[in-house]
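> I'm passing along my_file23.pdb; it holds PDB, C-alpha atoms and all ligand atoms.
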```pdb
ATOM      1  CA  MET A   1      -0.464 -16.307  26.954  1.00  0.00           C
ATOM      2  CA  LYS A   2       0.388 -17.912  23.595  1.00  0.00           C
ATOM      3  CA  ASP A   3      -0.646 -16.360  20.276  1.00  0.00           C
ATOM      4  CA  ILE A   4      -2.593 -19.326  18.941  1.00  0.00           C
ATOM      5  CA  LEU A   5      -5.217 -21.527  20.568  1.00  0.00           C
ATOM      6  CA  ASP A   6      -6.205 -24.886  19.104  1.00  0.00           C
ATOM      7  CA  ALA A   7      -9.578 -25.393  20.803  1.00  0.00           C
ATOM      8  CA  CYS A   8      -9.735 -29.176  20.136  1.00  0.00           C
ATOM      9  CA  CYS A   9      -6.318 -30.341  18.984  1.00  0.00           C
ATOM     10  CA  GLY A  10      -6.938 -34.115  19.018  1.00  0.00           C
ATOM     11  CA  GLY A  11      -3.872 -35.987  17.784  1.00  0.00           C
ATOM     12  CA  LYS A  12      -2.406 -32.766  16.220  1.00  0.00           C
ATOM     13  CA  MET A  13      -2.364 -34.540  12.844  1.00  0.00           C
ATOM     14  CA  PHE A  14      -2.090 -31.376  10.728  1.00  0.00           C
ATOM     15  CA  TYR A  15       0.836 -29.819  12.633  1.00  0.00           C
ATOM     16  CA  PHE A  16       4.370 -29.693  11.269  1.00  0.00           C
ATOM     17  CA  ASP A  17       5.534 -29.611  14.907  1.00  0.00           C
ATOM     18  CA  LYS A  18       3.253 -31.246  17.494  1.00  0.00           C
ATOM     19  CA  LYS A  19       5.127 -29.326  20.219  1.00  0.00           C
ATOM     20  CA  ASP A  20       5.010 -25.919  18.515  1.00  0.00           C
ATOM     21  CA  SER A  21       5.535 -23.432  21.366  1.00  0.00           C
ATOM     22  CA  ARG A  22       3.375 -20.760  19.685  1.00  0.00           C
ATOM     23  CA  VAL A  23       0.255 -22.912  20.080  1.00  0.00           C
ATOM     24  CA  LEU A  24      -1.776 -23.669  23.201  1.00  0.00           C
ATOM     25  CA  PHE A  25      -3.148 -27.153  22.569  1.00  0.00           C
ATOM     26  CA  GLN A  26      -6.529 -27.832  24.171  1.00  0.00           C
ATOM     27  CA  ASP A  27      -8.807 -30.888  24.036  1.00  0.00           C
ATOM     28  CA  ILE A  28     -11.535 -32.349  26.230  1.00  0.00           C
ATOM     29  CA  ARG A  29      -9.806 -35.747  26.104  1.00  0.00           C
ATOM     30  CA  ASN A  30      -6.361 -36.827  27.325  1.00  0.00           C
ATOM     31  CA  PHE A  31      -5.405 -40.427  26.616  1.00  0.00           C
ATOM     32  CA  GLU A  32      -3.175 -42.813  24.754  1.00  0.00           C
ATOM     33  CA  ILE A  33      -4.246 -46.036  23.186  1.00  0.00           C
ATOM     34  CA  VAL A  34      -2.865 -49.029  21.328  1.00  0.00           C
ATOM     35  CA  LEU A  35      -5.310 -50.079  18.656  1.00  0.00           C
ATOM     36  CA  CYS A  36      -6.009 -53.733  17.950  1.00  0.00           C
ATOM     37  CA  ASP A  37      -3.766 -53.609  14.882  1.00  0.00           C
ATOM     38  CA  GLY A  38      -0.899 -52.291  17.002  1.00  0.00           C
ATOM     39  CA  ARG A  39      -1.100 -48.626  15.987  1.00  0.00           C
ATOM     40  CA  HIS A  40      -0.446 -46.125  18.763  1.00  0.00           C
ATOM     41  CA  PHE A  41      -2.602 -43.013  19.044  1.00  0.00           C
ATOM     42  CA  GLU A  42      -2.571 -40.292  21.669  1.00  0.00           C
ATOM     43  CA  ILE A  43      -4.295 -37.053  22.572  1.00  0.00           C
ATOM     44  CA  LYS A  44      -2.060 -35.082  24.928  1.00  0.00           C
ATOM     45  CA  PRO A  45      -3.265 -31.463  25.151  1.00  0.00           C
ATOM     46  CA  ASP A  46      -1.527 -28.743  27.194  1.00  0.00           C
ATOM     47  CA  ILE A  47      -4.926 -28.031  28.733  1.00  0.00           C
ATOM     48  CA  GLN A  48      -7.859 -30.409  29.106  1.00  0.00           C
ATOM     49  CA  ALA A  49     -10.893 -28.164  28.678  1.00  0.00           C
ATOM     50  CA  ASP A  50     -14.254 -27.875  26.924  1.00  0.00           C
ATOM     51  CA  PHE A  51     -14.547 -25.605  23.875  1.00  0.00           C
ATOM     52  CA  THR A  52     -18.100 -24.692  24.942  1.00  0.00           C
ATOM     53  CA  ASN A  53     -16.775 -23.175  28.192  1.00  0.00           C
ATOM     54  CA  MET A  54     -13.126 -22.156  27.919  1.00  0.00           C
ATOM     55  CA  PRO A  55     -10.963 -21.002  30.843  1.00  0.00           C
ATOM     56  CA  TYR A  56      -9.428 -17.906  29.156  1.00  0.00           C
ATOM     57  CA  PRO A  57     -10.285 -14.190  29.329  1.00  0.00           C
ATOM     58  CA  ASP A  58     -12.000 -12.457  26.395  1.00  0.00           C
ATOM     59  CA  ASN A  59      -9.717 -11.293  23.539  1.00  0.00           C
ATOM     60  CA  SER A  60      -6.765 -13.554  24.439  1.00  0.00           C
ATOM     61  CA  PHE A  61      -5.492 -15.037  21.161  1.00  0.00           C
ATOM     62  CA  ALA A  62      -4.449 -13.682  17.746  1.00  0.00           C
ATOM     63  CA  MET A  63      -5.608 -16.926  16.119  1.00  0.00           C
ATOM     64  CA  VAL A  64      -7.972 -19.727  17.101  1.00  0.00           C
ATOM     65  CA  VAL A  65      -8.042 -23.067  15.291  1.00  0.00           C
ATOM     66  CA  PHE A  66     -11.378 -24.900  15.505  1.00  0.00           C
ATOM     67  CA  ASP A  67     -11.604 -28.447  14.116  1.00  0.00           C
ATOM     68  CA  PRO A  68     -14.480 -29.978  16.095  1.00  0.00           C
ATOM     69  CA  PRO A  69     -15.810 -33.549  15.739  1.00  0.00           C
ATOM     70  CA  HIS A  70     -17.768 -33.901  12.504  1.00  0.00           C
ATOM     71  CA  LEU A  71     -19.126 -37.457  12.816  1.00  0.00           C
ATOM     72  CA  LEU A  72     -22.509 -38.070  14.405  1.00  0.00           C
ATOM     73  CA  ARG A  73     -22.438 -40.605  17.197  1.00  0.00           C
ATOM     74  CA  ASN A  74     -24.672 -43.035  15.322  1.00  0.00           C
ATOM     75  CA  VAL A  75     -23.734 -46.117  17.295  1.00  0.00           C
ATOM     76  CA  LYS A  76     -26.996 -46.406  19.197  1.00  0.00           C
ATOM     77  CA  LYS A  77     -25.611 -48.484  22.036  1.00  0.00           C
ATOM     78  CA  SER A  78     -22.756 -46.104  22.820  1.00  0.00           C
ATOM     79  CA  THR A  79     -23.181 -43.467  25.457  1.00  0.00           C
ATOM     80  CA  PHE A  80     -21.141 -40.279  25.542  1.00  0.00           C
ATOM     81  CA  ALA A  81     -19.231 -41.756  28.490  1.00  0.00           C
ATOM     82  CA  GLU A  82     -18.383 -44.866  26.506  1.00  0.00           C
ATOM     83  CA  ILE A  83     -16.893 -42.843  23.691  1.00  0.00           C
ATOM     84  CA  TYR A  84     -15.215 -40.113  25.734  1.00  0.00           C
ATOM     85  CA  GLY A  85     -14.920 -41.452  29.257  1.00  0.00           C
ATOM     86  CA  SER A  86     -13.401 -44.863  28.758  1.00  0.00           C
ATOM     87  CA  LEU A  87     -10.395 -43.705  26.801  1.00  0.00           C
ATOM     88  CA  ASN A  88      -8.263 -42.505  29.662  1.00  0.00           C
ATOM     89  CA  SER A  89      -5.805 -45.368  29.786  1.00  0.00           C
ATOM     90  CA  LYS A  90      -3.849 -47.646  27.502  1.00  0.00           C
ATOM     91  CA  SER A  91      -6.221 -50.165  26.011  1.00  0.00           C
ATOM     92  CA  CYS A  92      -7.090 -51.930  22.789  1.00  0.00           C
ATOM     93  CA  ALA A  93      -9.966 -50.524  20.809  1.00  0.00           C
ATOM     94  CA  THR A  94     -11.754 -50.488  17.485  1.00  0.00           C
ATOM     95  CA  GLY A  95     -13.805 -47.665  15.927  1.00  0.00           C
ATOM     96  CA  TYR A  96     -10.700 -45.766  14.902  1.00  0.00           C
ATOM     97  CA  GLN A  97     -12.531 -42.782  13.405  1.00  0.00           C
ATOM     98  CA  HIS A  98     -14.470 -42.128  16.608  1.00  0.00           C
ATOM     99  CA  ILE A  99     -11.379 -42.621  18.724  1.00  0.00           C
ATOM    100  CA  LYS A 100      -9.350 -40.257  16.584  1.00  0.00           C
ATOM    101  CA  TYR A 101     -11.911 -37.538  15.901  1.00  0.00           C
ATOM    102  CA  GLY A 102     -14.472 -37.918  18.692  1.00  0.00           C
ATOM    103  CA  ALA A 103     -18.157 -37.693  17.832  1.00  0.00           C
ATOM    104  CA  LEU A 104     -21.015 -35.215  17.974  1.00  0.00           C
ATOM    105  CA  PRO A 105     -23.956 -35.940  20.250  1.00  0.00           C
ATOM    106  CA  ASN A 106     -26.844 -36.979  17.964  1.00  0.00           C
ATOM    107  CA  SER A 107     -29.466 -34.617  19.374  1.00  0.00           C
ATOM    108  CA  ASP A 108     -27.823 -31.392  20.561  1.00  0.00           C
ATOM    109  CA  TRP A 109     -24.842 -31.087  18.194  1.00  0.00           C
ATOM    110  CA  LYS A 110     -26.094 -27.718  16.918  1.00  0.00           C
ATOM    111  CA  GLU A 111     -26.065 -26.269  20.429  1.00  0.00           C
ATOM    112  CA  MET A 112     -22.612 -27.734  21.098  1.00  0.00           C
ATOM    113  CA  LEU A 113     -21.072 -26.281  17.928  1.00  0.00           C
ATOM    114  CA  SER A 114     -22.894 -22.975  18.284  1.00  0.00           C
ATOM    115  CA  LYS A 115     -21.486 -22.576  21.815  1.00  0.00           C
ATOM    116  CA  GLY A 116     -18.082 -23.615  20.470  1.00  0.00           C
ATOM    117  CA  PHE A 117     -18.136 -20.842  17.860  1.00  0.00           C
ATOM    118  CA  THR A 118     -19.275 -18.302  20.470  1.00  0.00           C
ATOM    119  CA  GLU A 119     -16.434 -19.290  22.787  1.00  0.00           C
ATOM    120  CA  CYS A 120     -13.834 -19.268  19.994  1.00  0.00           C
ATOM    121  CA  PHE A 121     -14.844 -15.732  19.001  1.00  0.00           C
ATOM    122  CA  ARG A 122     -14.976 -14.612  22.648  1.00  0.00           C
ATOM    123  CA  VAL A 123     -11.358 -15.604  23.327  1.00  0.00           C
ATOM    124  CA  LEU A 124     -10.161 -14.312  19.933  1.00  0.00           C
ATOM    125  CA  LYS A 125      -8.698 -10.789  19.859  1.00  0.00           C
ATOM    126  CA  HIS A 126     -10.455  -8.153  17.735  1.00  0.00           C
ATOM    127  CA  ARG A 127      -9.187  -8.441  14.138  1.00  0.00           C
ATOM    128  CA  GLY A 128      -7.887 -11.919  15.058  1.00  0.00           C
ATOM    129  CA  PHE A 129      -8.445 -14.938  12.829  1.00  0.00           C
ATOM    130  CA  LEU A 130     -10.437 -18.119  13.309  1.00  0.00           C
ATOM    131  CA  ILE A 131      -9.400 -21.061  11.142  1.00  0.00           C
ATOM    132  CA  PHE A 132     -12.284 -23.517  10.965  1.00  0.00           C
ATOM    133  CA  LYS A 133     -12.083 -27.042   9.553  1.00  0.00           C
ATOM    134  CA  TRP A 134     -15.073 -29.197   8.736  1.00  0.00           C
ATOM    135  CA  ASN A 135     -15.630 -32.556   7.043  1.00  0.00           C
ATOM    136  CA  GLU A 136     -18.988 -33.096   5.321  1.00  0.00           C
ATOM    137  CA  THR A 137     -19.283 -36.871   5.890  1.00  0.00           C
ATOM    138  CA  ASP A 138     -22.451 -36.469   8.006  1.00  0.00           C
ATOM    139  CA  ILE A 139     -23.409 -32.762   7.898  1.00  0.00           C
ATOM    140  CA  LYS A 140     -23.057 -30.165   5.126  1.00  0.00           C
ATOM    141  CA  VAL A 141     -20.786 -27.202   5.823  1.00  0.00           C
ATOM    142  CA  SER A 142     -23.677 -24.853   4.858  1.00  0.00           C
ATOM    143  CA  GLU A 143     -25.605 -26.181   7.904  1.00  0.00           C
ATOM    144  CA  ILE A 144     -22.632 -25.522  10.154  1.00  0.00           C
ATOM    145  CA  LEU A 145     -22.071 -21.955   8.961  1.00  0.00           C
ATOM    146  CA  LYS A 146     -25.617 -21.128  10.137  1.00  0.00           C
ATOM    147  CA  LEU A 147     -24.420 -21.749  13.702  1.00  0.00           C
ATOM    148  CA  THR A 148     -22.386 -18.521  13.863  1.00  0.00           C
ATOM    149  CA  SER A 149     -23.349 -14.954  13.013  1.00  0.00           C
ATOM    150  CA  GLU A 150     -19.730 -14.178  12.069  1.00  0.00           C
ATOM    151  CA  LYS A 151     -19.094 -13.862   8.329  1.00  0.00           C
ATOM    152  CA  PRO A 152     -16.535 -16.235   6.767  1.00  0.00           C
ATOM    153  CA  ILE A 153     -13.911 -14.608   4.507  1.00  0.00           C
ATOM    154  CA  PHE A 154     -12.782 -17.482   2.301  1.00  0.00           C
ATOM    155  CA  GLY A 155     -12.808 -21.276   2.270  1.00  0.00           C
ATOM    156  CA  HIS A 156     -11.279 -24.175   0.447  1.00  0.00           C
ATOM    157  CA  ILE A 157     -12.260 -27.790  -0.052  1.00  0.00           C
ATOM    158  CA  SER A 158      -9.312 -30.161   0.101  1.00  0.00           C
ATOM    159  CA  GLY A 159      -9.966 -32.610  -2.730  1.00  0.00           C
ATOM    160  CA  LYS A 160     -13.191 -33.886  -4.310  1.00  0.00           C
ATOM    161  CA  ARG A 161     -13.414 -36.970  -2.146  1.00  0.00           C
ATOM    162  CA  ALA A 162     -11.907 -35.623   1.034  1.00  0.00           C
ATOM    163  CA  ASN A 163     -15.031 -33.550   1.783  1.00  0.00           C
ATOM    164  CA  THR A 164     -12.900 -31.401   4.080  1.00  0.00           C
ATOM    165  CA  HIS A 165     -13.376 -27.625   4.071  1.00  0.00           C
ATOM    166  CA  TRP A 166     -10.947 -25.078   5.527  1.00  0.00           C
ATOM    167  CA  ILE A 167     -12.606 -21.719   6.247  1.00  0.00           C
ATOM    168  CA  CYS A 168     -11.103 -18.443   7.529  1.00  0.00           C
ATOM    169  CA  PHE A 169     -12.987 -15.852   9.629  1.00  0.00           C
ATOM    170  CA  MET A 170     -11.819 -12.536  11.109  1.00  0.00           C
ATOM    171  CA  LYS A 171     -13.366 -11.237  14.341  1.00  0.00           C
ATOM    172  CA  GLU A 172     -14.872  -7.817  13.607  1.00  0.00           C
TER     173      GLU A 172
HETATM  174  C1  LIG A 201     -11.689 -33.656  14.411  1.00  0.00           C
HETATM  175  S1  LIG A 201     -10.864 -33.983  15.934  1.00  0.00           S
HETATM  176  C2  LIG A 201      -9.483 -32.867  15.875  1.00  0.00           C
HETATM  177  C3  LIG A 201      -8.385 -33.378  15.001  1.00  0.00           C
HETATM  178  C4  LIG A 201      -7.135 -32.529  15.041  1.00  0.00           C
HETATM  179  N1  LIG A 201      -7.360 -31.221  14.448  1.00  0.00           N
HETATM  180  C5  LIG A 201      -5.956 -33.186  14.391  1.00  0.00           C
HETATM  181  O1  LIG A 201      -5.263 -32.520  13.607  1.00  0.00           O
HETATM  182  O2  LIG A 201      -5.681 -34.349  14.682  1.00  0.00           O
HETATM  183  C6  LIG A 201     -11.937 -33.229  17.103  1.00  0.00           C
HETATM  184  C7  LIG A 201     -11.441 -33.203  18.536  1.00  0.00           C
HETATM  185  O3  LIG A 201     -12.399 -32.470  19.311  1.00  0.00           O
HETATM  186  C8  LIG A 201     -12.317 -32.950  20.630  1.00  0.00           C
HETATM  187  N2  LIG A 201     -13.517 -32.490  21.362  1.00  0.00           N
HETATM  188  C9  LIG A 201     -14.776 -32.983  21.302  1.00  0.00           C
HETATM  189  N3  LIG A 201     -15.601 -32.272  22.066  1.00  0.00           N
HETATM  190  C10 LIG A 201     -14.840 -31.301  22.640  1.00  0.00           C
HETATM  191  C11 LIG A 201     -15.135 -30.255  23.536  1.00  0.00           C
HETATM  192  N4  LIG A 201     -16.376 -30.030  23.991  1.00  0.00           N
HETATM  193  N5  LIG A 201     -14.128 -29.444  23.930  1.00  0.00           N
HETATM  194  C12 LIG A 201     -12.847 -29.652  23.476  1.00  0.00           C
HETATM  195  N6  LIG A 201     -12.520 -30.639  22.607  1.00  0.00           N
HETATM  196  C13 LIG A 201     -13.512 -31.445  22.196  1.00  0.00           C
HETATM  197  C14 LIG A 201     -12.225 -34.442  20.470  1.00  0.00           C
HETATM  198  O4  LIG A 201     -11.671 -35.016  21.628  1.00  0.00           O
HETATM  199  C15 LIG A 201     -11.323 -34.559  19.222  1.00  0.00           C
HETATM  200  O5  LIG A 201      -9.994 -34.775  19.610  1.00  0.00           O
END
```
Translate this file's structure into structure tokens.

Amino acid sequence: MKDILDACCGGKMFYFDKKDSRVLFQDIRNFEIVLCDGRHFEIKPDIQADFTNMPYPDNSFAMVVFDPPHLLRNVKKSTFAEIYGSLNSKSCATGYQHIKYGALPNSDWKEMLSKGFTECFRVLKHRGFLIFKWNETDIKVSEILKLTSEKPIFGHISGKRANTHWICFMKE
């Protein structure tokens, strides 16, 4: 078992080394895509799994990284399958933000993120650390912190306009 789990690694944009052997990279999606402007983007996790129901024993990792989707799926015509299910092969697509970051279901996002936190803390070792990242474009971080009973230690917002918060928890 590796020391660090990234529960939803996406395109591993914030890693110095996208093949870092200390990290188990997980995501629910596995695809590569060529965007209409020619950019290539891929999500290639070590394990394709759901952060609301993870396939690891309790107390497995010294650190868990949790950077879930932060955008609401506000495109009324799109179904979950259209956003997540159709991206399993090379194709041309628009909607770069949704492709890159995924999207929250409009109605039950609280349940999804609450289960995600519960699972992250379940697989985290006692005294292990959870690094949580959130972007406030659609939902305030204060709303998100209500979805876990664990107490955050410290947090940092990365730039006035970036709206992105990094928050550290320790499992008690
Ligand atoms: C904000 S992005 C992660 C970006 C990533 N940290 C990076 O550096 O590029 C959120 C990711 O969560 C994934 N995701 C959405 N629902 C998930 C679920 N239930 N289980 C696992 N991953 C999920 C999406 O596929 C998306 O890649």
> Check what the PyMOL selection byres (((chain A and resi 59) around 7) and not hetatm) selects in the file above and give those residues as a PyMOL selection string.
chain A and resi 57-58+60-61+122-126
> Looking at A:Tyr15, A:Phe41, A:Phe117, A:Phe154, which one is nearest to ligand LIG 201 (chain A), with distances taken over all atoms listed in the file?
A:Tyr15
> Given a cut-off of 9 Å, what residues near ligand LIG 201 (chain A) show up using all atoms listed in the file, put as number ranges by chain?
A: 6-15, 26-30, 43, 48-54, 65-71, 84, 98-104, 112-113, 116, 133-135
> Would you output that residue set with C-alpha atoms, as a PDB file, keeping the file's coordinate frame?

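Resulting contents of selection29.pdb:
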```pdb
ATOM      1  CA  ASP A   6      -6.205 -24.886  19.104  1.00  0.00           C
ATOM      2  CA  ALA A   7      -9.578 -25.393  20.803  1.00  0.00           C
ATOM      3  CA  CYS A   8      -9.735 -29.176  20.136  1.00  0.00           C
ATOM      4  CA  CYS A   9      -6.318 -30.341  18.984  1.00  0.00           C
ATOM      5  CA  GLY A  10      -6.938 -34.115  19.018  1.00  0.00           C
ATOM      6  CA  GLY A  11      -3.872 -35.987  17.784  1.00  0.00           C
ATOM      7  CA  LYS A  12      -2.406 -32.766  16.220  1.00  0.00           C
ATOM      8  CA  MET A  13      -2.364 -34.540  12.844  1.00  0.00           C
ATOM      9  CA  PHE A  14      -2.090 -31.376  10.728  1.00  0.00           C
ATOM     10  CA  TYR A  15       0.836 -29.819  12.633  1.00  0.00           C
ATOM     11  CA  GLN A  26      -6.529 -27.832  24.171  1.00  0.00           C
ATOM     12  CA  ASP A  27      -8.807 -30.888  24.036  1.00  0.00           C
ATOM     13  CA  ILE A  28     -11.535 -32.349  26.230  1.00  0.00           C
ATOM     14  CA  ARG A  29      -9.806 -35.747  26.104  1.00  0.00           C
ATOM     15  CA  ASN A  30      -6.361 -36.827  27.325  1.00  0.00           C
ATOM     16  CA  ILE A  43      -4.295 -37.053  22.572  1.00  0.00           C
ATOM     17  CA  GLN A  48      -7.859 -30.409  29.106  1.00  0.00           C
ATOM     18  CA  ALA A  49     -10.893 -28.164  28.678  1.00  0.00           C
ATOM     19  CA  ASP A  50     -14.254 -27.875  26.924  1.00  0.00           C
ATOM     20  CA  PHE A  51     -14.547 -25.605  23.875  1.00  0.00           C
ATOM     21  CA  THR A  52     -18.100 -24.692  24.942  1.00  0.00           C
ATOM     22  CA  ASN A  53     -16.775 -23.175  28.192  1.00  0.00           C
ATOM     23  CA  MET A  54     -13.126 -22.156  27.919  1.00  0.00           C
ATOM     24  CA  VAL A  65      -8.042 -23.067  15.291  1.00  0.00           C
ATOM     25  CA  PHE A  66     -11.378 -24.900  15.505  1.00  0.00           C
ATOM     26  CA  ASP A  67     -11.604 -28.447  14.116  1.00  0.00           C
ATOM     27  CA  PRO A  68     -14.480 -29.978  16.095  1.00  0.00           C
ATOM     28  CA  PRO A  69     -15.810 -33.549  15.739  1.00  0.00           C
ATOM     29  CA  HIS A  70     -17.768 -33.901  12.504  1.00  0.00           C
ATOM     30  CA  LEU A  71     -19.126 -37.457  12.816  1.00  0.00           C
ATOM     31  CA  TYR A  84     -15.215 -40.113  25.734  1.00  0.00           C
ATOM     32  CA  HIS A  98     -14.470 -42.128  16.608  1.00  0.00           C
ATOM     33  CA  ILE A  99     -11.379 -42.621  18.724  1.00  0.00           C
ATOM     34  CA  LYS A 100      -9.350 -40.257  16.584  1.00  0.00           C
ATOM     35  CA  TYR A 101     -11.911 -37.538  15.901  1.00  0.00           C
ATOM     36  CA  GLY A 102     -14.472 -37.918  18.692  1.00  0.00           C
ATOM     37  CA  ALA A 103     -18.157 -37.693  17.832  1.00  0.00           C
ATOM     38  CA  LEU A 104     -21.015 -35.215  17.974  1.00  0.00           C
ATOM     39  CA  MET A 112     -22.612 -27.734  21.098  1.00  0.00           C
ATOM     40  CA  LEU A 113     -21.072 -26.281  17.928  1.00  0.00           C
ATOM     41  CA  GLY A 116     -18.082 -23.615  20.470  1.00  0.00           C
ATOM     42  CA  LYS A 133     -12.083 -27.042   9.553  1.00  0.00           C
ATOM     43  CA  TRP A 134     -15.073 -29.197   8.736  1.00  0.00           C
ATOM     44  CA  ASN A 135     -15.630 -32.556   7.043  1.00  0.00           C
TER      45      ASN A 135
END
```
> How many Å lie between CA of Ile33 in chain A and CA of Arg161 in chain A, rounded to one decimal?
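Value for the CA of Ile33 in chain A-CA of Arg161 in chain A distance: 28.4 Å.
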> Where does the PyMOL selection byres (((chain A and resi 2) around 10) and not hetatm) land in this file, that is, which residues does it pick, as a PyMOL selection string?
chain A and resi 1+3-5+21-25+60-63
> Please put the answer as JSON: centre and edge lengths, in Å with one decimal, of a box along x, y and z that encloses all listed atoms of range 59-71 of chain A plus 4 Å on each side.

```
{"center_x": -11.8, "center_y": -24.4, "center_z": 18.5, "size_x": 22.7, "size_y": 34.2, "size_z": 19.9}
```
> So that I can see what lies close to Lys151 in chain A, please list as a PyMOL selection string the residues with an atom at most 12 Å from it, counting all atoms listed in the file and leaving out residues fewer than 2 positions away in the same chain.
chain A and resi 117+121+129-130+145-149+153-155+167-172
> If the PyMOL selection byres (((chain A and resi 156) around 6) and not hetatm) is run on the structure shown, which residues does it catch, given as a ChimeraX atom specification?
/A:155,157,165-166
> Work out how far apart CA of Glu111 in chain A and CA of Ile131 in chain A are and give it in Å to one decimal.
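Spanning CA of Glu111 in chain A to CA of Ile131 in chain A is a straight-line distance of 19.8 Å.
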> Quote the spacing between CA of Leu72 in chain A and CA of Lys140 in chain A in Å to one decimal place.
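Those two atoms sit 12.2 Å apart.
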> Of the candidates A:Lys44, A:Glu150, A:Glu143, A:Pro105, which one gets nearest to Thr118 in chain A if we count only C-alpha atoms?
A:Glu150
> In terms of the shortest atom-to-atom distance over only C-alpha atoms, which of A:Gly128, A:Pro45, A:Lys110, A:Val141 is closest to Lys19 in chain A?
A:Pro45
> Since the input is missing atoms, can you rebuild N, CA and C atoms for range 154-166 of chain A and write them as a PDB file, in the frame of the given file?

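Contents of part.pdb, as written:
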```
ATOM      1  N   PHE A 154     -12.990 -16.583   3.432  1.00  0.00           N
ATOM      2  CA  PHE A 154     -12.782 -17.482   2.301  1.00  0.00           C
ATOM      3  C   PHE A 154     -12.712 -18.919   2.814  1.00  0.00           C
ATOM      4  N   GLY A 155     -12.853 -19.871   1.885  1.00  0.00           N
ATOM      5  CA  GLY A 155     -12.808 -21.276   2.270  1.00  0.00           C
ATOM      6  C   GLY A 155     -12.241 -22.097   1.136  1.00  0.00           C
ATOM      7  N   HIS A 156     -11.877 -23.306   1.461  1.00  0.00           N
ATOM      8  CA  HIS A 156     -11.279 -24.175   0.447  1.00  0.00           C
ATOM      9  C   HIS A 156     -11.616 -25.617   0.760  1.00  0.00           C
ATOM     10  N   ILE A 157     -12.008 -26.361  -0.263  1.00  0.00           N
ATOM     11  CA  ILE A 157     -12.260 -27.790  -0.052  1.00  0.00           C
ATOM     12  C   ILE A 157     -11.012 -28.550  -0.480  1.00  0.00           C
ATOM     13  N   SER A 158     -10.583 -29.480   0.383  1.00  0.00           N
ATOM     14  CA  SER A 158      -9.312 -30.161   0.101  1.00  0.00           C
ATOM     15  C   SER A 158      -9.556 -31.477  -0.638  1.00  0.00           C
ATOM     16  N   GLY A 159      -9.813 -31.389  -1.922  1.00  0.00           N
ATOM     17  CA  GLY A 159      -9.966 -32.610  -2.730  1.00  0.00           C
ATOM     18  C   GLY A 159     -11.413 -33.033  -2.848  1.00  0.00           C
ATOM     19  N   LYS A 160     -11.797 -33.532  -4.036  1.00  0.00           N
ATOM     20  CA  LYS A 160     -13.191 -33.886  -4.310  1.00  0.00           C
ATOM     21  C   LYS A 160     -13.734 -34.906  -3.329  1.00  0.00           C
ATOM     22  N   ARG A 161     -12.918 -35.885  -2.991  1.00  0.00           N
ATOM     23  CA  ARG A 161     -13.414 -36.970  -2.146  1.00  0.00           C
ATOM     24  C   ARG A 161     -13.170 -36.733  -0.674  1.00  0.00           C
ATOM     25  N   ALA A 162     -12.269 -35.818  -0.363  1.00  0.00           N
ATOM     26  CA  ALA A 162     -11.907 -35.623   1.034  1.00  0.00           C
ATOM     27  C   ALA A 162     -13.052 -34.997   1.810  1.00  0.00           C
ATOM     28  N   ASN A 163     -13.890 -34.189   1.127  1.00  0.00           N
ATOM     29  CA  ASN A 163     -15.031 -33.550   1.783  1.00  0.00           C
ATOM     30  C   ASN A 163     -14.628 -32.560   2.873  1.00  0.00           C
ATOM     31  N   THR A 164     -13.350 -32.269   2.990  1.00  0.00           N
ATOM     32  CA  THR A 164     -12.900 -31.401   4.080  1.00  0.00           C
ATOM     33  C   THR A 164     -12.787 -29.956   3.621  1.00  0.00           C
ATOM     34  N   HIS A 165     -13.418 -29.060   4.373  1.00  0.00           N
ATOM     35  CA  HIS A 165     -13.376 -27.625   4.071  1.00  0.00           C
ATOM     36  C   HIS A 165     -12.517 -26.908   5.105  1.00  0.00           C
ATOM     37  N   TRP A 166     -11.678 -25.989   4.647  1.00  0.00           N
ATOM     38  CA  TRP A 166     -10.947 -25.078   5.527  1.00  0.00           C
ATOM     39  C   TRP A 166     -11.545 -23.701   5.293  1.00  0.00           C
TER      40      TRP A 166
END
```
